[in-house]
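One structure is given below, encoded as structure tokens.
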Amino acid sequence: MVQKQPPDGGEPAVYHVRARLRKDLENLAKATALQHEIQEWPKADYRYRIIVGQQEVFEIMSHLAESLDYDNFKSMIAGSDDQRGKLHAYHDVWHTMAKLQK
């Protein structure tokens with residue numbers, strides 16, 4: 001998620017909830033009852049986006065905090081049918097970051 005200023009530089013800022021996979025935003029929208037269109041930006045680094053206001057950011061973050069019920073992220077991913085395909089990538093990120101820690 002990133003904050004973006006309107007093109008005219010005015011207020012209020014908007015927030016782009018971004019994902020590389022559409023399914024991730026579909027899951028988020030379903031879990032939080034977001035009614036926003038999932039936009040596709042084919043040439044962007046993160047292809048899929050939902051654009052929301054500040055209040056919706058609070059609601060999304062609150063939902064994510066309240067739904068946190070696992071003690072190991074990679075194990076949770078491994079047990080999720082629609083997330084399991086990303087497990088190898090998460091292990092790669094974990095390994096890369098662990099090397100920095102040493």
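Just remember, in the structure tokens the first chain shown is A, the second B, etc., residues are 1-based per chain, and ligands are 1-based in the order shown.
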Checklist entry - Can you list, as a ChimeraX atom specification, every protein, DNA or RNA residue that comes within 12 Å of Ala65 of chain A when you count only C-alpha atoms, leaving out same-chain residues fewer than 6 positions away? => result /A:32,58-59
Item to check | Selection: 6 Å around Tyr48 of chain A, only C-alpha atoms, excl. self and same-chain fewer than 4 positions, as a VMD selection string | outcome: chain A and resid 18 to 19 22 39 to 40
Can those selected residues be exported to a file as an mmCIF file, in the first residue's frame so that it contains C-alpha atoms?
data_model
loop_
_atom_site.group_PDB
_atom_site.id
_atom_site.type_symbol
_atom_site.label_atom_id
_atom_site.label_comp_id
_atom_site.auth_asym_id
_atom_site.auth_seq_id
_atom_site.Cartn_x
_atom_site.Cartn_y
_atom_site.Cartn_z
ATOM 1 C CA ARG A 18 -1.286 -2.931 -4.810
ATOM 2 C CA ALA A 19 -0.713 -6.559 -5.727
ATOM 3 C CA ARG A 22 -5.413 -10.195 -8.880
ATOM 4 C CA GLN A 39 -7.925 -1.856 -11.551
ATOM 5 C CA GLU A 40 -5.382 -3.371 -13.888
#
Next on the checklist: Excluding Ile77 of chain A and its own-chain neighbours fewer than 4 positions away, which residues fall within 8 Å of it when counting only C-alpha atoms? Please give them as a ChimeraX atom specification.
Outcome noted: /A:73,83-84,86-87
Next, dump the selected residues to file, keeping only C-alpha atoms, as a short mmCIF file (atom, residue, chain, number, x, y, z; two decimals), in the first residue's frame.
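Dumped everything to part_6.cif:
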data_model
loop_
_atom_site.label_atom_id
_atom_site.label_comp_id
_atom_site.auth_asym_id
_atom_site.auth_seq_id
_atom_site.Cartn_x
_atom_site.Cartn_y
_atom_site.Cartn_z
CA PHE A 73 3.67 -16.99 7.95
CA GLN A 83 -1.50 -18.96 -1.82
CA ARG A 84 0.62 -22.12 -1.85
CA LYS A 86 3.88 -18.38 -3.85
CA LEU A 87 5.62 -20.39 -1.13
#
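The closest residue to Lys74 of chain A, picked from A:Arg47, A:Lys102, A:His91, A:His36 and counting only C-alpha atoms, is A:His91.
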Item to check | Near-Met61 of chain A list (12 Å; only C-alpha atoms; drop same-chain fewer than 6 positions) as an MDAnalysis selection string | outcome: chainID A and resid 1 17 28 31:32 54:55 67:68
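Separating atom CA of Ile51 of chain A from atom CA of Val2 of chain A is a distance of 9.8 Å.
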Next on the checklist: Taking the DSSP secondary structure from the backbone, can you list the residues of chain A that are strand (DSSP E or B), as a ChimeraX atom specification?
Outcome noted: /A:2-4,14-19,39-40,48-52
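In this model, the gap between atom CA of Ile50 of chain A and atom CA of Glu37 of chain A comes to 6.4 Å.
With atom CA of Arg20 of chain A on one side and atom CA of Arg49 of chain A on the other, the separation reads 8.8 Å.
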